[in-house]
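Next comes target.txt, a file with compact mmCIF, C-alpha atoms.
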# COMPACT_ATOMS: atom_id res chain seq x y z
CA MET A 28 -17.23 -34.13 57.39
CA VAL A 29 -14.94 -36.69 55.78
CA ASP A 30 -11.30 -36.03 56.68
CA VAL A 31 -8.60 -35.52 54.06
CA VAL A 32 -6.95 -38.91 54.55
CA THR A 33 -10.24 -40.76 54.05
CA LEU A 34 -11.02 -38.73 50.93
CA LEU A 35 -7.51 -39.35 49.62
CA ILE A 36 -7.80 -43.11 50.15
CA THR A 37 -11.23 -43.07 48.45
CA SER A 38 -9.81 -41.20 45.47
CA VAL A 39 -6.89 -43.59 45.03
CA THR A 40 -9.19 -46.62 45.45
CA ALA A 41 -11.60 -45.30 42.82
CA ARG A 42 -8.72 -44.84 40.41
CA ALA A 43 -7.58 -48.40 41.13
CA GLY A 44 -11.02 -49.62 40.03
CA PHE A 45 -10.85 -47.63 36.80
CA LEU A 46 -7.30 -48.89 36.30
CA ILE A 47 -8.46 -52.52 36.35
CA VAL A 48 -11.28 -51.81 33.88
CA PHE A 49 -9.03 -50.08 31.34
CA LEU A 50 -6.27 -52.62 31.84
CA LEU A 51 -8.73 -55.32 30.80
CA TYR A 52 -9.89 -53.25 27.81
CA SER A 53 -6.29 -52.72 26.71
CA PHE A 54 -5.98 -56.44 25.90
CA ARG A 55 -9.20 -56.68 23.91
CA PRO A 56 -9.43 -56.22 20.14
CA GLY A 57 -10.25 -52.68 19.10
CA ALA A 58 -8.73 -49.39 20.17
CA VAL A 59 -5.97 -51.10 22.15
CA THR A 60 -3.56 -48.17 22.00
CA ALA A 61 -6.20 -45.76 23.34
CA TYR A 62 -6.99 -48.03 26.31
CA ARG A 63 -3.31 -48.39 27.15
CA PHE A 64 -2.82 -44.64 27.14
CA TRP A 65 -5.87 -44.23 29.40
CA THR A 66 -4.54 -46.98 31.70
CA LEU A 67 -1.28 -45.05 31.97
CA SER A 68 -3.25 -41.87 32.67
CA ILE A 69 -5.18 -43.45 35.55
CA PHE A 70 -2.03 -44.97 37.04
CA CYS A 71 -0.20 -41.64 36.91
CA SER A 72 -3.25 -39.86 38.32
CA ALA A 73 -3.41 -42.17 41.34
CA LEU A 74 0.35 -42.07 41.88
CA GLY A 75 0.53 -38.29 41.55
CA LEU A 76 -2.43 -37.83 43.91
CA TRP A 77 -0.86 -39.98 46.60
CA ILE A 78 2.61 -38.40 46.35
CA THR A 79 1.18 -34.88 46.24
CA TYR A 80 -1.10 -34.90 49.25
CA GLN A 81 1.10 -37.10 51.44
CA ASP A 82 3.81 -34.43 51.42
CA PRO A 83 3.35 -32.03 54.40
CA ARG A 84 4.93 -29.25 52.31
CA PHE A 85 2.09 -29.37 49.74
CA PRO A 86 1.81 -27.38 47.54
CA ASN A 87 5.26 -25.79 47.94
CA PHE A 88 7.52 -28.80 47.31
CA GLU A 89 11.25 -28.58 47.02
CA ALA A 90 12.41 -28.21 43.41
CA GLY A 91 13.18 -31.87 42.63
CA LYS A 92 10.06 -33.26 44.32
CA GLY A 93 7.84 -30.69 42.63
CA ALA A 94 9.32 -31.47 39.22
CA LEU A 95 8.57 -35.17 39.77
CA VAL A 96 4.98 -34.48 40.88
CA TYR A 97 4.22 -32.25 37.91
CA PHE A 98 5.84 -34.68 35.48
CA ILE A 99 3.53 -37.45 36.71
CA VAL A 100 0.47 -35.17 36.53
CA SER A 101 1.46 -33.92 33.07
CA LEU A 102 1.94 -37.48 31.82
CA SER A 103 -1.56 -38.33 33.07
CA VAL A 104 -3.20 -35.42 31.20
CA VAL A 105 -1.20 -35.94 28.00
CA SER A 106 -2.05 -39.65 28.04
CA VAL A 107 -5.77 -38.81 28.06
CA ARG A 108 -5.24 -36.64 24.97
CA ALA A 109 -3.07 -39.25 23.21
CA GLY A 110 -5.65 -41.93 23.94
CA ALA A 111 -8.37 -39.74 22.43
CA ARG A 112 -6.35 -39.17 19.25
CA SER A 113 -5.75 -42.91 18.93
CA PHE A 114 -9.42 -43.71 19.65
CA PHE A 115 -10.61 -41.38 16.89
CA GLY A 116 -7.96 -42.52 14.40
CA VAL A 117 -5.83 -39.35 14.55
CA PRO A 118 -2.02 -39.83 14.41
CA ILE A 119 -0.26 -39.21 17.72
CA ASP A 120 2.26 -36.38 17.46
CA GLN A 121 5.15 -37.99 19.37
CA PRO A 122 7.61 -35.06 19.76
CA PRO A 123 4.91 -32.69 21.14
CA PHE A 124 3.70 -35.53 23.36
CA LEU A 125 7.13 -35.80 24.99
CA TRP A 126 7.80 -32.07 25.19
CA THR A 127 4.41 -31.29 26.69
CA CYS A 128 5.09 -33.73 29.53
CA LEU A 129 8.33 -31.94 30.36
CA VAL A 130 7.20 -28.30 30.30
CA PRO A 131 5.35 -28.07 33.70
CA PRO A 132 8.06 -29.98 35.66
CA LEU A 133 10.83 -27.93 34.06
CA VAL A 134 8.97 -24.69 34.82
CA TYR A 135 8.47 -25.74 38.44
CA TRP A 136 12.08 -26.81 38.86
CA ALA A 137 13.46 -23.65 37.25
CA THR A 138 11.22 -21.20 39.13
CA ALA A 139 11.63 -23.01 42.48
CA THR A 140 15.41 -23.14 42.03
CA ALA A 141 15.40 -19.43 41.20
CA GLN A 142 13.55 -18.94 44.52
CA LEU A 143 10.62 -17.04 43.06
CA PRO A 144 7.70 -16.48 45.46
CA PRO A 145 5.75 -19.76 45.89
CA ALA A 146 2.60 -18.21 44.39
CA TYR A 147 4.44 -17.38 41.17
CA VAL A 148 6.02 -20.85 41.05
CA LEU A 149 2.60 -22.51 41.29
CA ALA A 150 0.88 -20.07 38.95
CA LEU A 151 3.47 -20.40 36.17
CA THR A 152 3.56 -24.19 36.47
CA GLN A 153 -0.20 -24.56 36.45
CA CYS A 154 -0.51 -22.36 33.36
CA GLY A 155 1.10 -25.27 31.52
CA LEU A 156 -1.44 -27.69 33.00
CA VAL A 157 -4.31 -25.39 31.96
CA TYR A 158 -3.03 -25.44 28.37
CA MET A 159 -2.68 -29.24 28.44
CA LEU A 160 -6.20 -29.71 29.80
CA CYS A 161 -7.61 -27.39 27.10
CA THR A 162 -5.89 -29.30 24.29
CA ALA A 163 -7.06 -32.60 25.80
CA SER A 164 -10.61 -31.23 25.93
CA LEU A 165 -10.45 -30.21 22.25
CA SER A 166 -9.36 -33.74 21.34
CA PHE A 167 -12.81 -34.90 22.44
CA LEU A 168 -14.94 -31.91 21.45
CA LYS A 169 -13.43 -31.22 18.03
CA VAL A 170 -16.08 -31.68 15.36
CA ARG A 171 -15.24 -34.54 13.02
CA LYS A 172 -17.19 -36.25 10.26
CA ARG A 173 -19.17 -38.35 12.70
CA THR A 174 -21.57 -37.10 15.36
CA LEU A 175 -20.19 -36.48 18.84
CA LEU A 176 -21.09 -39.22 21.32
CA PRO A 177 -22.83 -38.07 24.56
CA ALA A 178 -20.02 -39.49 26.71
CA GLN A 179 -17.49 -37.82 24.42
CA ILE A 180 -19.12 -34.47 25.25
CA LEU A 181 -19.04 -35.38 28.96
CA VAL A 182 -15.30 -36.10 28.93
CA GLY A 183 -14.45 -33.02 26.88
CA SER A 184 -16.59 -30.79 29.11
CA ALA A 185 -15.12 -32.24 32.32
CA LEU A 186 -11.60 -31.55 31.04
CA ALA A 187 -12.63 -28.02 30.04
CA PHE A 188 -14.16 -27.28 33.46
CA TYR A 189 -11.09 -28.78 35.14
CA ALA A 190 -8.98 -26.36 33.10
CA LEU A 191 -11.31 -23.52 34.13
CA ALA A 192 -11.01 -24.44 37.81
CA LEU A 193 -7.23 -24.56 37.51
CA ALA A 194 -7.22 -21.22 35.69
CA GLY A 195 -9.21 -19.80 38.61
CA THR A 196 -6.54 -21.15 40.92
CA VAL A 197 -3.83 -19.40 38.90
CA GLY A 198 -5.75 -16.13 39.07
CA SER A 199 -6.29 -16.53 42.81
CA LEU A 200 -2.59 -17.17 43.42
CA LEU A 201 -1.55 -14.09 41.45
CA ILE A 202 -4.14 -11.89 43.17
CA SER A 203 -3.03 -13.15 46.58
CA GLU A 204 0.59 -12.36 45.79
CA ILE A 205 -0.05 -8.93 44.28
CA PHE A 206 -2.77 -7.62 46.60
CA GLY A 207 -2.19 -9.72 49.70
CA TYR A 208 -5.61 -11.41 49.71
CA PRO A 209 -5.95 -15.04 50.92
CA ALA A 210 -5.54 -17.46 48.02
CA LEU A 211 -8.43 -19.70 47.02
CA GLY A 212 -6.22 -22.15 45.17
CA PRO A 213 -4.35 -25.23 46.42
CA ASN A 214 -2.51 -24.40 49.60
CA SER A 215 -1.91 -26.13 52.90
CA ASN A 216 -5.24 -24.86 54.24
CA ASN A 217 -7.29 -26.03 51.26
CA VAL A 218 -6.11 -29.61 50.84
CA TYR A 219 -9.62 -31.01 51.30
CA LEU A 220 -11.02 -28.74 48.59
CA SER A 221 -8.19 -29.62 46.19
CA VAL A 222 -8.65 -33.37 46.65
CA PHE A 223 -12.43 -33.08 46.32
CA ILE A 224 -12.24 -31.09 43.08
CA ASP A 225 -9.66 -33.46 41.63
CA GLN A 226 -11.74 -36.50 42.58
CA THR A 227 -14.96 -35.05 41.12
CA PHE A 228 -13.49 -34.18 37.73
CA SER A 229 -11.43 -37.36 37.52
CA VAL A 230 -14.46 -39.58 38.14
CA LEU A 231 -16.41 -37.70 35.45
CA ILE A 232 -13.54 -38.10 32.99
CA TYR A 233 -12.91 -41.81 33.57
CA VAL A 234 -16.60 -42.75 33.77
CA GLY A 235 -17.04 -40.82 30.53
CA LEU A 236 -14.20 -42.74 28.87
CA ILE A 237 -15.77 -46.07 29.80
CA SER A 238 -19.21 -44.91 28.61
CA MET A 239 -17.69 -43.58 25.40
CA THR A 240 -16.18 -46.98 24.73
CA LEU A 241 -19.58 -48.65 25.11
CA GLU A 242 -21.34 -45.98 23.01
CA GLU A 243 -18.76 -46.32 20.25
CA ALA A 244 -19.24 -50.10 20.20
CA GLN A 245 -23.00 -49.57 19.90
CA ARG A 246 -22.49 -47.01 17.12
CA GLN A 247 -20.26 -49.42 15.19
CA MET A 248 -22.89 -52.16 15.52
CA GLN A 249 -25.52 -49.75 14.19
CA VAL A 250 -23.28 -48.76 11.27
CA ALA A 251 -22.55 -52.40 10.46
CA ALA A 252 -26.28 -53.21 10.48
CA THR A 253 -27.15 -50.39 8.06
CA THR A 254 -24.07 -50.35 5.80
CA ASP A 255 -23.09 -52.55 2.87
CA LEU A 256 -19.67 -53.88 3.85
CA LEU A 257 -18.34 -54.15 0.29
CA THR A 258 -19.16 -50.67 -1.00
CA GLY A 259 -19.57 -48.62 2.18
CA LEU A 260 -22.96 -47.36 0.98
CA ALA A 261 -26.19 -47.88 2.90
CA ASN A 262 -27.80 -51.29 2.59
CA ARG A 263 -31.58 -51.80 2.32
CA ARG A 264 -32.15 -51.26 6.02
CA GLY A 265 -29.89 -48.23 6.02
CA LEU A 266 -31.67 -46.77 3.00
CA GLU A 267 -35.05 -47.11 4.71
CA GLU A 268 -33.77 -45.51 7.93
CA ARG A 269 -31.92 -42.64 6.25
CA THR A 270 -34.76 -41.74 3.89
CA LEU A 271 -37.35 -41.37 6.65
CA ALA A 272 -36.16 -37.87 7.53
CA VAL A 273 -35.66 -36.94 3.87
CA ILE A 274 -39.16 -38.04 2.89
CA GLY A 275 -40.66 -36.29 5.92
CA ALA A 276 -38.89 -33.03 5.08
CA GLY A 277 -40.01 -33.33 1.46
CA ARG A 278 -43.65 -33.83 2.46
CA ARG A 279 -43.65 -30.92 4.92
CA GLY A 280 -42.01 -28.58 2.42
CA ARG A 281 -43.96 -30.03 -0.51
CA ARG A 282 -40.68 -30.42 -2.37
CA PRO A 283 -40.34 -32.78 -5.34
CA MET A 284 -38.40 -35.99 -4.88
CA ALA A 285 -37.27 -38.77 -7.17
CA VAL A 286 -35.56 -42.14 -7.07
CA LEU A 287 -33.03 -43.77 -9.40
CA ILE A 288 -32.24 -47.46 -9.70
CA ALA A 289 -29.01 -48.24 -11.54
CA ASP A 290 -28.10 -51.77 -12.60
CA ILE A 291 -24.71 -52.83 -14.01
CA ASP A 292 -25.30 -54.38 -17.42
CA HIS A 293 -24.27 -58.03 -17.91
CA PHE A 294 -22.66 -58.18 -14.48
CA LYS A 295 -22.89 -62.00 -14.44
CA SER A 296 -20.72 -62.04 -17.55
CA ILE A 297 -18.13 -59.89 -15.75
CA ASN A 298 -18.04 -62.38 -12.88
CA ASP A 299 -17.82 -65.35 -15.25
CA LEU A 300 -15.12 -63.79 -17.43
CA TYR A 301 -12.91 -62.05 -14.85
CA GLY A 302 -13.80 -63.79 -11.59
CA HIS A 303 -15.88 -62.80 -8.57
CA SER A 304 -13.01 -60.92 -6.89
CA HIS A 305 -12.74 -58.64 -9.93
CA GLY A 306 -16.52 -58.33 -9.93
CA ASP A 307 -16.40 -57.11 -6.32
CA ILE A 308 -13.85 -54.47 -7.29
CA VAL A 309 -16.13 -53.32 -10.12
CA LEU A 310 -18.97 -52.96 -7.60
CA LYS A 311 -16.75 -50.90 -5.28
CA GLN A 312 -15.59 -48.64 -8.08
CA PHE A 313 -19.16 -48.23 -9.31
CA ALA A 314 -20.18 -47.16 -5.80
CA GLU A 315 -17.29 -44.65 -5.75
CA ARG A 316 -18.53 -43.03 -8.96
CA LEU A 317 -22.08 -42.52 -7.70
CA PRO A 318 -21.25 -39.63 -5.31
CA VAL A 319 -19.33 -37.88 -8.10
CA VAL A 320 -22.65 -37.34 -9.92
CA VAL A 321 -25.09 -37.38 -6.98
CA LYS A 322 -23.26 -34.82 -4.85
CA ARG A 323 -25.89 -33.25 -2.60
CA GLN A 324 -25.68 -34.00 1.10
CA GLU A 325 -29.43 -34.62 1.50
CA ASP A 326 -29.47 -37.34 -1.17
CA VAL A 327 -29.23 -40.96 -0.02
CA LEU A 328 -27.19 -43.59 -1.86
CA ALA A 329 -27.48 -47.32 -1.25
CA ARG A 330 -26.66 -50.71 -2.64
CA TRP A 331 -30.07 -52.28 -3.15
CA GLY A 332 -28.68 -55.75 -3.70
CA GLY A 333 -26.40 -57.61 -6.11
CA GLU A 334 -25.43 -55.15 -8.82
CA GLU A 335 -28.33 -52.75 -8.21
CA PHE A 336 -27.85 -49.32 -6.65
CA VAL A 337 -30.46 -46.79 -5.50
CA ALA A 338 -30.32 -43.00 -5.16
CA VAL A 339 -33.09 -41.09 -3.39
CA LEU A 340 -32.97 -37.47 -4.58
CA HIS A 341 -34.26 -34.73 -2.29
CA ASP A 342 -35.77 -31.53 -3.75
CA ALA A 343 -35.32 -32.86 -7.31
CA THR A 344 -37.88 -32.71 -10.10
CA LEU A 345 -38.31 -35.58 -12.53
CA GLU A 346 -36.31 -33.54 -15.07
CA ASP A 347 -33.48 -33.05 -12.54
CA ALA A 348 -33.43 -36.77 -11.76
CA THR A 349 -33.43 -37.73 -15.44
CA ARG A 350 -30.53 -35.35 -16.13
CA LEU A 351 -28.51 -36.83 -13.26
CA ALA A 352 -29.29 -40.34 -14.48
CA GLU A 353 -28.05 -39.47 -17.99
CA LEU A 354 -24.86 -37.97 -16.52
CA LEU A 355 -24.28 -41.10 -14.45
CA CYS A 356 -24.92 -43.38 -17.41
CA ARG A 357 -22.39 -41.51 -19.56
CA ALA A 358 -19.86 -41.28 -16.70
CA ILE A 359 -19.93 -45.06 -16.28
CA GLU A 360 -19.64 -45.75 -20.01
CA SER A 361 -16.96 -43.16 -20.81
CA ARG A 362 -14.29 -44.39 -18.41
CA PRO A 363 -13.59 -48.16 -18.32
CA PHE A 364 -12.91 -49.71 -14.93
CA GLU A 365 -9.27 -50.48 -14.09
CA VAL A 366 -9.01 -53.70 -12.06
CA GLU A 367 -5.55 -55.06 -11.20
CA GLY A 368 -4.05 -53.94 -14.50
CA MET A 369 -7.05 -55.05 -16.54
CA THR A 370 -9.49 -52.73 -18.32
CA ILE A 371 -13.12 -53.79 -17.95
CA PRO A 372 -15.77 -51.92 -19.98
CA VAL A 373 -18.90 -51.33 -17.90
CA THR A 374 -22.27 -49.80 -18.72
CA ALA A 375 -25.40 -49.30 -16.65
CA SER A 376 -29.13 -49.17 -17.17
CA ILE A 377 -31.07 -46.73 -15.00
CA GLY A 378 -34.73 -46.40 -14.09
CA VAL A 379 -36.16 -43.10 -12.83
CA ALA A 380 -39.42 -42.43 -11.01
CA PRO A 381 -40.89 -39.54 -9.00
CA PHE A 382 -42.31 -39.70 -5.49
CA ARG A 383 -46.07 -39.24 -5.83
CA GLN A 384 -47.43 -36.60 -3.44
CA GLU A 385 -50.53 -38.67 -2.86
CA GLN A 386 -48.40 -41.73 -1.99
CA PRO A 387 -44.89 -40.58 -0.98
CA LEU A 388 -43.64 -44.02 0.08
CA LEU A 389 -40.15 -45.31 -0.68
CA GLU A 390 -41.26 -48.80 -1.67
CA HIS A 391 -43.88 -47.40 -4.04
CA ALA A 392 -41.37 -45.11 -5.78
CA ILE A 393 -38.80 -47.92 -6.01
CA HIS A 394 -41.43 -50.24 -7.51
CA ILE A 395 -42.10 -47.72 -10.28
CA ALA A 396 -38.36 -47.05 -10.84
CA ASP A 397 -37.75 -50.80 -11.01
CA ALA A 398 -40.33 -51.06 -13.78
CA ALA A 399 -38.50 -48.26 -15.62
CA LEU A 400 -35.21 -50.11 -15.12
CA TYR A 401 -36.71 -53.28 -16.60
CA GLU A 402 -37.81 -51.26 -19.62
CA ALA A 403 -34.29 -49.82 -20.03
CA LYS A 404 -32.77 -53.30 -20.00
CA ARG A 405 -35.43 -54.69 -22.34
CA THR A 406 -34.90 -51.94 -24.92
CA GLY A 407 -31.13 -52.29 -25.27
CA ARG A 408 -29.43 -51.44 -21.92
CA ASN A 409 -26.95 -48.60 -21.30
CA ARG A 410 -29.80 -46.11 -21.22
CA VAL A 411 -32.20 -44.23 -18.95
CA CYS A 412 -35.92 -44.85 -18.84
CA VAL A 413 -38.55 -42.91 -16.91
CA ARG A 414 -41.94 -44.01 -15.59
CA LEU A 415 -44.53 -41.91 -13.84
CA ALA A 416 -46.64 -44.76 -12.47
In structure tokens, what does this structure look like?
Amino acid sequence: MVDVVTLLITSVTARAGFLIVFLLYSFRPGAVTAYRFWTLSIFCSALGLWITYQDPRFPNFEAGKGALVYFIVSLSVVSVRAGARSFFGVPIDQPPFLWTCLVPPLVYWATATAQLPPAYVLALTQCGLVYMLCTASLSFLKVRKRTLLPAQILVGSALAFYALALAGTVGSLLISEIFGYPALGPNSNNVYLSVFIDQTFSVLIYVGLISMTLEEAQRQMQVAATTDLLTGLANRRGLEERTLAVIGAGRRGRRPMAVLIADIDHFKSINDLYGHSHGDIVLKQFAERLPVVVKRQEDVLARWGGEEFVAVLHDATLEDATRLAELLCRAIESRPFEVEGMTIPVTASIGVAPFRQEQPLLEHAIHIADAALYEAKRTGRNRVCVRLA
């Protein structure tokens, strides 16, 4: 079996490798603050590990030494949580960040100074660490607007199981003190087990953080490839990808579907009269008004190109689609666009077409809707036209 010293050296060396990786990431463009917090976490983890298990009095340090050890450990855990908040764009709550770091060391110092039984000192102190690990876990597992990354689930789960293991230690210490049974938690006879558990969970956490970084970069590349950068709506590729599932569900459930194509009337004149920068703002504001009318989550909105926008409507009859198109047409016309202190009147022509059950293809439905759009523009603009085939 590997002796404790060898395992300790291996643990510190592994953390040194992770430290180099995150130190390099902390100087690259992107989530710099998150990487710097995680670098601090790894450094504190390695330092705390070495100080802790090199002391022959582990785990019953004298008050000052114990306070220092638990401050370093607390700073490591809190830095993981702060890095997660920064990575996901959540503001870092600075006062709680500082206070959380101080609670476990202050508890250890106060209880050790008061000469409480060592089991109570450890149990009370580690209750604070359990809480910190749980909140750090929630920072990764909390459901946000975007889908959880696989590595994000790994990190959150590892932190949660680490908290569970530490909670088991707390329970073991209290049972040993109350009933006189041997403790299963960290004591001088279980140093190997403590180092092994710490090393296992730490590797899972830091490997997960690196993987999460790579997965997030891949996700951003996928979003950039399928999203129109100006409006934030899907682009042509994104529309095709996002409608696959919608069309499939519609076919299986034999639900009606429809497509709208909206085109801003005389958009070239807007660019010529007000400038292309103002024209871009009009496009963005037009895209912002689309979801106000087309509100259902299953519907897919996209910028088809230039000043044309597409909406694929799930579980919508031709009458439903026509009604929505009329609402959108009136919503655009009734409220002029405000662009840098200027009022720009805008109208739109809209073509509507159903998905044919015998040929439920996106390109076929768009081709028919485009013909309806051409008819709307030819017959006066600022109107809705419908074609069945």
Go through A:Val320, A:Leu201, A:Val117, A:Ala329 one by one, measure the shortest atom-to-atom distance of each to Thr254 in chain A using only C-alpha atoms, and give the residue with the smallest value.
A:Ala329
Using only C-alpha atoms, give me every residue within 12 Å of (-35.0, -33.9, -16.5) in file coordinates, as a list of chain:residue names.
A:Ala285, A:Ala343, A:Thr344, A:Leu345, A:Glu346, A:Asp347, A:Ala348, A:Thr349, A:Arg350, A:Leu351, A:Ala352, A:Glu353, A:Leu354, A:Val379, A:Ala380, A:Pro381, A:Val411, A:Cys412, A:Val413
So that I have them on file, write out the residues from the current selection with C-alpha atoms, as a PDB file, in the coordinates of the input.
ATOM      1  CA  ALA A 285     -37.270 -38.770  -7.170  1.00  0.00           C
ATOM      2  CA  ALA A 343     -35.320 -32.860  -7.310  1.00  0.00           C
ATOM      3  CA  THR A 344     -37.880 -32.710 -10.100  1.00  0.00           C
ATOM      4  CA  LEU A 345     -38.310 -35.580 -12.530  1.00  0.00           C
ATOM      5  CA  GLU A 346     -36.310 -33.540 -15.070  1.00  0.00           C
ATOM      6  CA  ASP A 347     -33.480 -33.050 -12.540  1.00  0.00           C
ATOM      7  CA  ALA A 348     -33.430 -36.770 -11.760  1.00  0.00           C
ATOM      8  CA  THR A 349     -33.430 -37.730 -15.440  1.00  0.00           C
ATOM      9  CA  ARG A 350     -30.530 -35.350 -16.130  1.00  0.00           C
ATOM     10  CA  LEU A 351     -28.510 -36.830 -13.260  1.00  0.00           C
ATOM     11  CA  ALA A 352     -29.290 -40.340 -14.480  1.00  0.00           C
ATOM     12  CA  GLU A 353     -28.050 -39.470 -17.990  1.00  0.00           C
ATOM     13  CA  LEU A 354     -24.860 -37.970 -16.520  1.00  0.00           C
ATOM     14  CA  VAL A 379     -36.160 -43.100 -12.830  1.00  0.00           C
ATOM     15  CA  ALA A 380     -39.420 -42.430 -11.010  1.00  0.00           C
ATOM     16  CA  PRO A 381     -40.890 -39.540  -9.000  1.00  0.00           C
ATOM     17  CA  VAL A 411     -32.200 -44.230 -18.950  1.00  0.00           C
ATOM     18  CA  CYS A 412     -35.920 -44.850 -18.840  1.00  0.00           C
ATOM     19  CA  VAL A 413     -38.550 -42.910 -16.910  1.00  0.00           C
TER      20      VAL A 413
END
Dig up all the protein and nucleic acid residues within 12 Å of (-24.4, -41.0, -0.2) in the file frame, using all atoms listed in the file, and format them as number ranges by chain.
A: 254, 258-262, 265-266, 269-270, 314-330, 336-341
Polymer residues at most 12 Å from Phe98 in chain A, all atoms listed in the file, same-chain spacing of 2 or more positions, as a ChimeraX atom specification:
/A:68,71-72,74-75,78-79,91-96,100-106,125-136,152-153,155-156
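For the set A:Met369, A:Ile119, A:Ile393, A:Leu50, the residue with the smallest atom-to-atom gap to Tyr301 in chain A is A:Met369, counting all atoms listed in the file.
You will find CA of Ile99 in chain A at 25.3 Å from CA of Ser238 in chain A.
The neighbours of Tyr189 in chain A here are the residues that come within 10 Å of it, using all atoms listed in the file and leaving out any residue fewer than 5 positions away in the same chain; they are A:Leu156, A:Val157, A:Leu160, A:Cys161, A:Ser164, A:Gly183, A:Ser184, A:Ala194, A:Gly195, A:Ile224, A:Asp225, A:Thr227, A:Phe228, A:Ser229, A:Ile232.
For the residues A:Arg357, A:Val273, A:Ala141, A:Trp331, ranking by smallest atom-to-atom distance to Thr253 in chain A using only C-alpha atoms places A:Trp331 first.
Closest approach to Thr162 in chain A among A:Ala416, A:Ala252, A:Ala111, A:Leu389: A:Ala111, based on only C-alpha atoms.
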In Å to one decimal, how far is CA of Val182 in chain A from CA of Gly235 in chain A?
5.3 Å
If I take CA of Arg383 in chain A and CA of Cys356 in chain A, how far is one from the other in Å, to one decimal?
24.5 Å
Skipping near chain neighbours, those fewer than 4 positions away, what residues fall within 10 Å of Gly116 in chain A using only C-alpha atoms, listed as a PyMOL selection string?
chain A and resi 58+61+110-112
If you take only C-alpha atoms and a cut-off of 10 Å, which residues of range 358-390 of chain A touch range 404-408 of chain A, and what are their nearest atom pairs and distances in Å to one decimal, in chain and number order, as a Markdown table?
| residue | atom | partner | partner_atom | distance |
| --- | --- | --- | --- | --- |
| A:Thr374 | CA | A:Arg408 | CA | 8.0 |
| A:Ala375 | CA | A:Arg408 | CA | 7.0 |
| A:Ser376 | CA | A:Arg408 | CA | 5.3 |
| A:Ile377 | CA | A:Lys404 | CA | 8.4 |
| A:Gly378 | CA | A:Lys404 | CA | 9.3 |
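Residue nearest Ala185 in chain A within the list A:Ile47, A:Leu165, A:Val309, A:Leu76: A:Leu165 [criterion: smallest interatomic distance, all atoms listed in the file].
By chain and then residue number, the residues within 10 Å of Phe364 in chain A are A:Ile308, A:Val309, A:Gln312, A:Phe313, A:Ile359, A:Glu360, A:Gly368, A:Met369, A:Thr370, A:Ile371, A:Pro372, A:Val373, counting all atoms listed in the file and disregarding those fewer than 4 positions away in sequence.
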Of the candidates A:Leu200, A:Ile395, A:Ile288, A:Leu181, which one gets nearest to Leu168 in chain A if we count all atoms listed in the file?
A:Leu181
